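target26.txt (compact mmCIF, C-alpha atoms)
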# COMPACT_ATOMS: atom_id res chain seq x y z
CA MET V 1488 87.61 118.14 -180.10
CA PRO V 1489 86.28 115.95 -182.94
CA ASN V 1490 83.97 113.07 -182.08
CA THR V 1491 85.47 109.62 -181.75
CA ASP V 1492 83.90 106.33 -182.81
CA LEU V 1493 84.65 103.11 -180.92
CA LEU V 1494 84.04 99.57 -182.14
CA LEU V 1495 83.70 96.69 -179.68
CA TYR V 1496 84.24 93.23 -181.14
CA LEU V 1497 82.46 90.40 -179.34
CA ASP V 1498 82.79 86.66 -179.80
CA HIS V 1499 80.07 86.09 -177.19
CA LEU V 1500 76.75 87.64 -176.16
CA ASP V 1501 77.45 88.38 -172.50
CA PHE V 1502 77.15 92.16 -172.11
CA ASP V 1503 78.29 91.94 -168.48
CA ALA V 1504 81.71 90.59 -169.49
CA ALA V 1505 84.93 92.60 -169.20
CA GLY V 1506 85.01 93.77 -172.83
CA PRO V 1507 81.57 95.42 -172.91
CA ARG V 1508 82.01 96.93 -169.44
CA ALA V 1509 85.36 98.44 -170.40
CA ALA V 1510 84.00 99.74 -173.71
CA LEU V 1511 81.02 101.39 -172.03
CA ALA V 1512 83.20 103.04 -169.37
CA LEU V 1513 85.67 104.31 -171.95
CA ALA V 1514 82.95 105.61 -174.28
CA ARG V 1515 81.42 107.55 -171.40
CA ARG V 1516 84.78 109.06 -170.44
CA MET V 1517 85.48 110.15 -174.02
CA GLY V 1518 81.93 111.04 -175.03
CA SER V 1519 82.24 108.61 -177.93
CA ARG V 1520 79.85 106.68 -180.10
CA LEU V 1521 80.07 102.96 -179.34
CA ASP V 1522 79.12 100.28 -181.83
CA ALA V 1523 79.34 96.55 -181.12
CA LEU V 1524 80.14 93.89 -183.71
CA TYR V 1525 79.38 90.19 -183.36
CA VAL V 1526 80.87 87.92 -186.01
CA ALA V 1527 79.58 84.42 -186.68
CA ASP V 1528 82.85 82.91 -187.81
CA LEU V 1529 82.82 81.18 -191.17
CA PRO V 1530 86.45 80.51 -192.12
CA ALA V 1531 87.47 79.53 -195.61
CA ALA V 1532 88.36 76.08 -194.29
CA ALA V 1533 84.65 75.46 -193.75
CA PHE V 1534 84.31 74.95 -197.51
CA SER V 1535 87.12 72.40 -197.81
CA LEU V 1536 84.67 69.50 -197.46
CA PRO V 1537 81.64 70.07 -199.74
CA GLU V 1538 79.43 67.72 -197.75
CA SER V 1539 79.91 69.83 -194.60
CA VAL V 1540 79.05 73.17 -196.20
CA PRO V 1541 75.25 73.04 -195.64
CA VAL V 1542 75.77 72.20 -191.96
CA GLN V 1543 78.30 75.01 -191.54
CA LEU V 1544 76.05 77.54 -193.26
CA GLU V 1545 73.02 76.53 -191.19
CA GLU V 1546 74.95 76.81 -187.94
CA THR V 1547 76.29 80.23 -188.96
CA ARG V 1548 72.78 81.39 -189.88
CA ARG V 1549 71.48 80.22 -186.49
CA ARG V 1550 74.21 82.12 -184.66
CA CYS V 1551 73.48 85.27 -186.66
CA LEU V 1552 69.77 85.11 -185.84
CA ASP V 1553 70.57 84.57 -182.17
CA ALA V 1554 72.92 87.56 -182.19
CA GLU V 1555 70.50 89.82 -184.04
CA ALA V 1556 67.94 89.17 -181.30
CA HIS V 1557 70.25 91.00 -178.86
CA ALA V 1558 70.02 94.33 -180.69
CA GLY V 1559 67.36 95.69 -178.34
CA SER V 1560 69.34 94.72 -175.25
CA TRP V 1561 72.42 96.50 -176.59
CA GLN V 1562 70.46 99.66 -177.36
CA SER V 1563 68.95 99.61 -173.87
CA LEU V 1564 72.41 99.28 -172.37
CA LEU V 1565 73.69 102.23 -174.39
CA THR V 1566 70.71 104.34 -173.35
CA ALA V 1567 71.26 103.48 -169.70
CA HIS V 1568 74.82 104.82 -170.00
CA GLY V 1569 73.83 107.92 -171.95
CA LEU V 1570 75.52 106.68 -175.11
CA HIS V 1571 74.70 106.26 -178.78
CA GLY V 1572 75.67 103.45 -181.09
CA SER V 1573 74.50 100.41 -182.99
CA TRP V 1574 74.53 96.62 -182.84
CA ARG V 1575 76.13 94.96 -185.87
CA VAL V 1576 76.11 91.30 -186.85
CA ALA V 1577 78.19 89.78 -189.64
CA GLN V 1578 79.38 86.42 -190.83
CA GLY V 1579 82.66 85.41 -192.40
CA ASP V 1580 86.28 84.98 -191.43
CA THR V 1581 86.53 86.71 -188.03
CA VAL V 1582 89.84 88.52 -188.42
CA GLN V 1583 89.15 89.65 -191.98
CA THR V 1584 85.67 90.89 -191.00
CA VAL V 1585 86.89 92.68 -187.88
CA CYS V 1586 89.76 94.37 -189.70
CA GLN V 1587 87.47 95.56 -192.49
CA ALA V 1588 84.87 96.90 -190.06
CA ALA V 1589 87.44 98.59 -187.81
CA SER V 1590 88.83 100.66 -190.67
CA GLY V 1591 85.96 103.11 -190.18
CA TYR V 1592 86.55 103.60 -186.45
CA ASP V 1593 89.06 105.41 -184.25
CA LEU V 1594 89.59 102.53 -181.85
CA LEU V 1595 88.89 98.80 -181.83
CA ILE V 1596 88.18 97.18 -178.45
CA MET V 1597 88.74 93.44 -178.06
CA GLU V 1598 88.42 91.17 -175.06
CA ARG V 1599 91.27 88.74 -174.48
CA SER V 1600 89.84 85.38 -173.48
CA GLN V 1601 91.54 83.73 -170.54
CA GLN V 1602 90.90 80.32 -172.08
CA ARG V 1603 92.37 81.28 -175.45
CA SER V 1604 95.00 83.87 -174.56
CA ASP V 1605 96.59 85.45 -177.61
CA ALA V 1606 100.30 85.45 -178.26
CA PRO V 1607 101.77 88.36 -180.27
CA VAL V 1608 102.56 86.04 -183.15
CA GLY V 1609 100.56 83.08 -184.34
CA PHE V 1610 96.90 82.54 -184.92
CA GLY V 1611 95.14 84.36 -182.08
CA THR V 1612 92.25 86.59 -183.11
CA VAL V 1613 93.42 89.55 -181.04
CA SER V 1614 97.06 89.52 -182.14
CA ARG V 1615 96.16 88.95 -185.80
CA SER V 1616 93.72 91.86 -185.66
CA VAL V 1617 96.35 94.16 -184.15
CA PHE V 1618 98.65 93.32 -187.05
CA GLY V 1619 95.96 93.54 -189.72
CA THR V 1620 93.55 96.31 -188.83
CA GLY V 1621 95.74 99.41 -189.17
CA ARG V 1622 93.86 100.89 -186.21
CA PRO V 1623 94.77 101.11 -182.53
CA VAL V 1624 93.37 98.28 -180.44
CA LEU V 1625 92.45 98.25 -176.76
CA VAL V 1626 93.04 94.72 -175.47
CA VAL V 1627 90.94 94.06 -172.35
CA PRO V 1628 91.81 91.09 -170.11
CA GLY V 1629 88.78 88.85 -169.79
CA ASP V 1630 89.21 88.47 -166.04
CA ILE V 1631 89.67 92.14 -165.13
CA GLU V 1632 87.43 93.26 -162.28
CA THR V 1633 87.71 97.02 -161.69
CA ILE V 1634 87.22 98.94 -164.93
CA SER V 1635 84.92 101.80 -163.98
CA SER V 1636 87.93 104.15 -163.86
CA ILE V 1637 89.52 102.91 -167.08
CA GLY V 1638 91.44 105.69 -168.77
CA ALA V 1639 91.85 107.77 -165.59
CA ARG V 1640 95.51 106.94 -164.94
CA ILE V 1641 97.47 105.97 -168.03
CA LEU V 1642 101.05 104.83 -168.37
CA VAL V 1643 102.70 105.39 -171.76
CA ALA V 1644 105.62 103.15 -172.68
CA TRP V 1645 107.71 105.34 -174.99
CA ASN V 1646 110.86 104.32 -176.85
CA GLY V 1647 110.88 106.71 -179.79
CA SER V 1648 109.93 104.04 -182.31
CA ARG V 1649 107.42 104.26 -185.12
CA GLU V 1650 105.07 101.95 -183.21
CA SER V 1651 105.37 104.12 -180.10
CA ILE V 1652 104.31 107.30 -181.90
CA LEU V 1653 101.48 105.47 -183.68
CA ALA V 1654 100.11 104.34 -180.32
CA LEU V 1655 100.69 107.72 -178.66
CA ALA V 1656 99.10 109.72 -181.49
CA ALA V 1657 96.08 107.42 -181.57
CA ALA V 1658 95.69 107.73 -177.81
CA VAL V 1659 95.66 111.57 -177.75
CA PRO V 1660 91.83 111.89 -177.53
CA LEU V 1661 91.90 109.53 -174.56
CA LEU V 1662 94.90 111.20 -172.91
CA GLN V 1663 93.11 114.56 -173.12
CA HIS V 1664 90.42 113.12 -170.81
CA CYS V 1665 92.92 111.44 -168.49
CA GLU V 1666 93.47 112.56 -164.90
CA ASP V 1667 97.11 111.47 -164.80
CA VAL V 1668 99.48 110.61 -167.65
CA LEU V 1669 102.91 109.14 -166.93
CA VAL V 1670 105.36 108.56 -169.78
CA LEU V 1671 108.19 106.12 -169.12
CA ASP V 1672 110.88 107.23 -171.55
CA GLY V 1673 113.18 104.60 -172.98
CA SER V 1674 114.06 106.49 -176.14
CA GLU V 1675 117.77 105.96 -175.57
CA MET V 1676 117.11 102.50 -176.98
CA ASN V 1677 116.60 104.10 -180.40
CA GLN V 1678 119.15 106.92 -180.28
CA GLU V 1679 120.71 105.83 -183.56
CA SER V 1680 117.37 105.98 -185.41
CA ILE V 1681 115.86 109.02 -187.09
CA ALA V 1682 113.61 110.80 -184.59
CA VAL V 1683 109.90 110.29 -185.30
CA LEU V 1684 108.95 113.51 -183.51
CA PRO V 1685 109.89 117.05 -184.59
CA PRO V 1686 112.11 119.11 -182.27
CA PRO V 1687 112.09 119.99 -179.44
CA GLY V 1688 110.65 116.58 -178.61
CA LEU V 1689 108.11 114.61 -176.66
CA ALA V 1690 107.12 117.10 -173.92
CA ASP V 1691 106.43 119.85 -176.43
CA TRP V 1692 104.57 117.44 -178.74
CA LEU V 1693 102.24 116.43 -175.92
CA GLN V 1694 101.67 119.97 -174.64
CA ARG V 1695 100.70 121.23 -178.09
CA ARG V 1696 97.97 118.56 -178.12
CA GLY V 1697 96.60 119.53 -174.75
CA VAL V 1698 98.09 116.57 -172.88
CA GLN V 1699 99.71 117.26 -169.53
CA ALA V 1700 102.10 114.44 -168.74
CA ARG V 1701 104.88 113.55 -166.37
CA ILE V 1702 107.93 112.08 -168.10
CA LYS V 1703 110.28 109.77 -166.22
CA PRO V 1704 113.08 107.42 -167.25
CA ILE V 1705 112.15 103.86 -168.13
CA ASP V 1706 113.59 102.52 -164.88
CA ALA V 1707 110.99 104.39 -162.79
CA GLY V 1708 109.23 101.14 -161.87
CA PRO V 1709 106.46 98.82 -163.08
CA ALA V 1710 103.00 99.93 -164.08
CA HIS V 1711 101.26 98.90 -160.88
CA ALA V 1712 103.65 101.06 -158.84
CA HIS V 1713 102.08 104.09 -160.56
CA ARG V 1714 98.48 102.84 -160.02
CA ALA V 1715 97.93 102.85 -163.77
CA ASP V 1716 94.66 101.45 -165.12
CA MET V 1717 95.82 101.28 -168.75
CA ILE V 1718 99.04 100.92 -170.74
CA VAL V 1719 99.65 102.73 -174.04
CA MET V 1720 102.43 101.16 -176.07
CA GLY V 1721 103.61 100.32 -179.55
CA ALA V 1722 103.00 96.68 -180.40
CA TRP V 1723 106.15 94.64 -180.83
CA SER V 1724 108.49 97.50 -181.63
CA ARG V 1725 110.92 96.55 -178.88
CA SER V 1726 110.09 93.68 -176.56
CA ARG V 1727 112.79 94.94 -174.20
CA LEU V 1728 110.71 98.05 -173.50
CA ALA V 1729 107.67 95.99 -172.56
CA GLN V 1730 109.86 93.81 -170.37
CA MET V 1731 111.30 96.79 -168.50
CA VAL V 1732 107.88 98.42 -167.99
CA LEU V 1733 105.82 95.42 -166.98
CA GLY V 1734 108.30 92.72 -166.08
CA GLY V 1735 107.77 90.32 -168.99
CA THR V 1736 108.02 89.89 -172.74
CA THR V 1737 105.39 91.14 -175.17
CA ARG V 1738 104.18 87.57 -175.59
CA HIS V 1739 103.74 87.29 -171.84
CA LEU V 1740 101.84 90.60 -171.73
CA PHE V 1741 99.34 89.50 -174.34
CA MET V 1742 98.77 86.27 -172.47
CA HIS V 1743 98.83 87.42 -168.85
CA SER V 1744 98.63 91.22 -168.43
CA ASP V 1745 95.95 92.21 -165.93
CA LEU V 1746 95.76 95.78 -167.27
CA PRO V 1747 94.07 96.89 -170.52
CA MET V 1748 96.66 97.56 -173.20
CA PHE V 1749 96.16 100.28 -175.84
CA VAL V 1750 98.42 99.13 -178.67
CA ALA V 1751 99.21 100.08 -182.25
CA HIS V 1752 101.34 98.41 -184.86
Can you present the structure in this file as structure tokens?
Amino acid sequence: MPNTDLLLYLDHLDFDAAGPRAALALARRMGSRLDALYVADLPAAAFSLPESVPVQLEETRRRCLDAEAHAGSWQSLLTAHGLHGSWRVAQGDTVQTVCQAASGYDLLIMERSQQRSDAPVGFGTVSRSVFGTGRPVLVVPGDIETISSIGARILVAWNGSRESILALAAAVPLLQHCEDVLVLDGSEMNQESIAVLPPPGLADWLQRRGVQARIKPIDAGPAHAHRADMIVMGAWSRSRLAQMVLGGTTRHLFMHSDLPMFVAH
């Protein structure tokens, strides 16, 4: 199987937080390279008042220097987990910088702050990056506790949409390392659409990629009933699917889900 490269975006320097811990656990499971990116945000609005520009630039420079000083700690952490990767620091508009950097990786990992929970539409960093990056994104709740087994038991929310197959295809390298894959099939929602998978369908598509999965109808129960530690789903293809799987709208999931969500749009 080809190597996979993971990028962890951080808006803080706490390596014991949920995002770094989840990224390290997932990289070990997949045997992936793991790079971390810290962005000292410098939005275009910072230049709207000329007199404030020197202050903004100096503060950004200070944050960059502070972040660069953590390179050794990150490398030590990678070594302790038997991983390889790098520590990257950049400045600029956060979403634009993250989206540009993520284009060279197989998966972007972002921590969802509990203080600034992202809605699927609006101005949240996580949701805007999902829309803009063109790469799958693993959204990790900032308050999650148990993540050492992340990627062991995965629930796939499938509805036959373009977003569903984008998420599923991107998740194949992870699903190949998974101990249990359950697909909740709600494809009857899109029966009138052109099928995104070639015949004979989903089970064959998964088997040909070395993924052994159980497939059940969408009404088989919520994610926690299956002891899932991650959800794979298309982002905002059908909010009804998310509601049936997890008991809430997509907006609610991005704000309150207590499971990591592997999404693609």
ask   = So which one's closest to Met1676 of chain V, V:Ser1648, V:Ala1657, V:Trp1692, V:Ala1512? Using only C-alpha atoms, please.
value =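 Smallest separation from Met1676 of chain V among the options: V:Ser1648.
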ask   = What separation in Å, quoted to one decimal, exists between atom CA of Asp1691 of chain V and atom CA of Thr1491 of chain V?
value = 23.9 Å
inquiry  = Can you tell me which residues surround Leu1642 of chain V at a distance of at most 7 Å, considering only C-alpha atoms, apart from same-chain residues fewer than 4 positions away, and format the answer as an NGL selection string?
reply    = :V and (1668-1670 or 1710 or 1715 or 1717-1719)
ask   = atom CA of Ala1554 of chain V and atom CA of Pro1507 of chain V are how many Å apart?
value =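 Atom-to-atom, atom CA of Ala1554 of chain V to atom CA of Pro1507 of chain V, that is 14.9 Å.
Comparing the minimum interatomic distances between Pro1660 of chain V and each of V:Arg1696, V:Arg1549, V:Arg1640, V:Lys1703, counting all atoms listed in the file, we find that V:Arg1696 sits nearest.
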remark   = note - atom CA of His1557 of chain V and atom CA of Leu1497 of chain V are separated by 12.2 Å
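Every protein or nucleic acid residue with an atom no more than 9 Å from segment 1575-1578 of chain V, counting all atoms listed in the file and leaving out same-chain residues fewer than 3 positions away, appears here: Asp1522, Ala1523, Leu1524, Tyr1525, Val1526, Ala1527, Asp1528, Leu1529, Thr1547, Arg1548, Cys1551, Leu1552, Ala1554, Glu1555, Ala1558, Thr1581 and Thr1584 of chain V.
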request  = Considering all atoms listed in the file, return as a VMD selection string whatever protein or nucleic-acid residues lie within 12 Å of Phe1502 of chain V, sequence-local ones (same chain, fewer than 2 positions apart) excluded.
outcome  = chain V and resid 1495 to 1500 1504 to 1511 1523 1525 1554 1557 to 1558 1560 to 1565 1574 1598
Restore N, CA and C atoms in segment 1616-1644 of chain V and list the result as a PDB file, in the coordinates of the input.
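Written out: result-v1.pdb:
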ATOM      1  N   SER V1616      94.446  90.625-185.378  1.00  0.00           N
ATOM      2  CA  SER V1616      93.720  91.860-185.660  1.00  0.00           C
ATOM      3  C   SER V1616      94.595  93.085-185.428  1.00  0.00           C
ATOM      4  N   VAL V1617      95.422  93.051-184.392  1.00  0.00           N
ATOM      5  CA  VAL V1617      96.350  94.160-184.150  1.00  0.00           C
ATOM      6  C   VAL V1617      97.273  94.345-185.349  1.00  0.00           C
ATOM      7  N   PHE V1618      97.773  93.246-185.885  1.00  0.00           N
ATOM      8  CA  PHE V1618      98.650  93.320-187.050  1.00  0.00           C
ATOM      9  C   PHE V1618      97.908  93.763-188.306  1.00  0.00           C
ATOM     10  N   GLY V1619      96.645  93.350-188.447  1.00  0.00           N
ATOM     11  CA  GLY V1619      95.960  93.540-189.720  1.00  0.00           C
ATOM     12  C   GLY V1619      95.051  94.730-189.836  1.00  0.00           C
ATOM     13  N   THR V1620      94.611  95.320-188.721  1.00  0.00           N
ATOM     14  CA  THR V1620      93.550  96.310-188.830  1.00  0.00           C
ATOM     15  C   THR V1620      94.030  97.699-189.224  1.00  0.00           C
ATOM     16  N   GLY V1621      95.275  98.055-188.884  1.00  0.00           N
ATOM     17  CA  GLY V1621      95.740  99.410-189.170  1.00  0.00           C
ATOM     18  C   GLY V1621      95.138 100.446-188.246  1.00  0.00           C
ATOM     19  N   ARG V1622      94.466 100.007-187.196  1.00  0.00           N
ATOM     20  CA  ARG V1622      93.860 100.890-186.210  1.00  0.00           C
ATOM     21  C   ARG V1622      94.395 100.522-184.831  1.00  0.00           C
ATOM     22  N   PRO V1623      94.385 101.468-183.891  1.00  0.00           N
ATOM     23  CA  PRO V1623      94.770 101.110-182.530  1.00  0.00           C
ATOM     24  C   PRO V1623      93.750 100.148-181.939  1.00  0.00           C
ATOM     25  N   VAL V1624      94.223  99.291-181.048  1.00  0.00           N
ATOM     26  CA  VAL V1624      93.370  98.280-180.440  1.00  0.00           C
ATOM     27  C   VAL V1624      93.533  98.334-178.927  1.00  0.00           C
ATOM     28  N   LEU V1625      92.415  98.366-178.207  1.00  0.00           N
ATOM     29  CA  LEU V1625      92.450  98.250-176.760  1.00  0.00           C
ATOM     30  C   LEU V1625      92.163  96.802-176.413  1.00  0.00           C
ATOM     31  N   VAL V1626      93.160  96.127-175.843  1.00  0.00           N
ATOM     32  CA  VAL V1626      93.040  94.720-175.470  1.00  0.00           C
ATOM     33  C   VAL V1626      92.656  94.649-173.995  1.00  0.00           C
ATOM     34  N   VAL V1627      91.478  94.102-173.710  1.00  0.00           N
ATOM     35  CA  VAL V1627      90.940  94.060-172.350  1.00  0.00           C
ATOM     36  C   VAL V1627      91.038  92.638-171.807  1.00  0.00           C
ATOM     37  N   PRO V1628      91.751  92.432-170.709  1.00  0.00           N
ATOM     38  CA  PRO V1628      91.810  91.090-170.110  1.00  0.00           C
ATOM     39  C   PRO V1628      90.421  90.610-169.725  1.00  0.00           C
ATOM     40  N   GLY V1629      90.119  89.370-170.044  1.00  0.00           N
ATOM     41  CA  GLY V1629      88.780  88.850-169.790  1.00  0.00           C
ATOM     42  C   GLY V1629      88.443  88.694-168.328  1.00  0.00           C
ATOM     43  N   ASP V1630      89.468  88.672-167.457  1.00  0.00           N
ATOM     44  CA  ASP V1630      89.210  88.470-166.040  1.00  0.00           C
ATOM     45  C   ASP V1630      89.383  89.742-165.215  1.00  0.00           C
ATOM     46  N   ILE V1631      89.487  90.896-165.868  1.00  0.00           N
ATOM     47  CA  ILE V1631      89.670  92.140-165.130  1.00  0.00           C
ATOM     48  C   ILE V1631      88.404  92.454-164.338  1.00  0.00           C
ATOM     49  N   GLU V1632      88.575  92.999-163.156  1.00  0.00           N
ATOM     50  CA  GLU V1632      87.430  93.260-162.280  1.00  0.00           C
ATOM     51  C   GLU V1632      87.065  94.745-162.239  1.00  0.00           C
ATOM     52  N   THR V1633      88.000  95.602-161.842  1.00  0.00           N
ATOM     53  CA  THR V1633      87.710  97.020-161.690  1.00  0.00           C
ATOM     54  C   THR V1633      88.027  97.761-162.980  1.00  0.00           C
ATOM     55  N   ILE V1634      86.985  98.227-163.677  1.00  0.00           N
ATOM     56  CA  ILE V1634      87.220  98.940-164.930  1.00  0.00           C
ATOM     57  C   ILE V1634      86.424 100.241-165.008  1.00  0.00           C
ATOM     58  N   SER V1635      85.732 100.582-163.942  1.00  0.00           N
ATOM     59  CA  SER V1635      84.920 101.800-163.980  1.00  0.00           C
ATOM     60  C   SER V1635      85.768 103.048-164.156  1.00  0.00           C
ATOM     61  N   SER V1636      87.047 102.987-163.753  1.00  0.00           N
ATOM     62  CA  SER V1636      87.930 104.150-163.860  1.00  0.00           C
ATOM     63  C   SER V1636      88.864 104.046-165.045  1.00  0.00           C
ATOM     64  N   ILE V1637      88.604 103.137-165.962  1.00  0.00           N
ATOM     65  CA  ILE V1637      89.520 102.910-167.080  1.00  0.00           C
ATOM     66  C   ILE V1637      89.789 104.207-167.841  1.00  0.00           C
ATOM     67  N   GLY V1638      91.054 104.476-168.069  1.00  0.00           N
ATOM     68  CA  GLY V1638      91.440 105.690-168.770  1.00  0.00           C
ATOM     69  C   GLY V1638      91.687 106.874-167.853  1.00  0.00           C
ATOM     70  N   ALA V1639      91.618 106.672-166.539  1.00  0.00           N
ATOM     71  CA  ALA V1639      91.850 107.770-165.590  1.00  0.00           C
ATOM     72  C   ALA V1639      93.340 107.981-165.328  1.00  0.00           C
ATOM     73  N   ARG V1640      94.071 106.884-165.208  1.00  0.00           N
ATOM     74  CA  ARG V1640      95.510 106.940-164.940  1.00  0.00           C
ATOM     75  C   ARG V1640      96.217 106.059-165.960  1.00  0.00           C
ATOM     76  N   ILE V1641      96.884 106.701-166.903  1.00  0.00           N
ATOM     77  CA  ILE V1641      97.470 105.970-168.030  1.00  0.00           C
ATOM     78  C   ILE V1641      98.990 106.043-167.985  1.00  0.00           C
ATOM     79  N   LEU V1642      99.606 104.907-168.222  1.00  0.00           N
ATOM     80  CA  LEU V1642     101.050 104.830-168.370  1.00  0.00           C
ATOM     81  C   LEU V1642     101.383 104.645-169.843  1.00  0.00           C
ATOM     82  N   VAL V1643     102.265 105.486-170.361  1.00  0.00           N
ATOM     83  CA  VAL V1643     102.700 105.390-171.760  1.00  0.00           C
ATOM     84  C   VAL V1643     104.111 104.840-171.796  1.00  0.00           C
ATOM     85  N   ALA V1644     104.288 103.727-172.490  1.00  0.00           N
ATOM     86  CA  ALA V1644     105.620 103.150-172.680  1.00  0.00           C
ATOM     87  C   ALA V1644     106.189 103.723-173.976  1.00  0.00           C
TER      88      ALA V1644
END
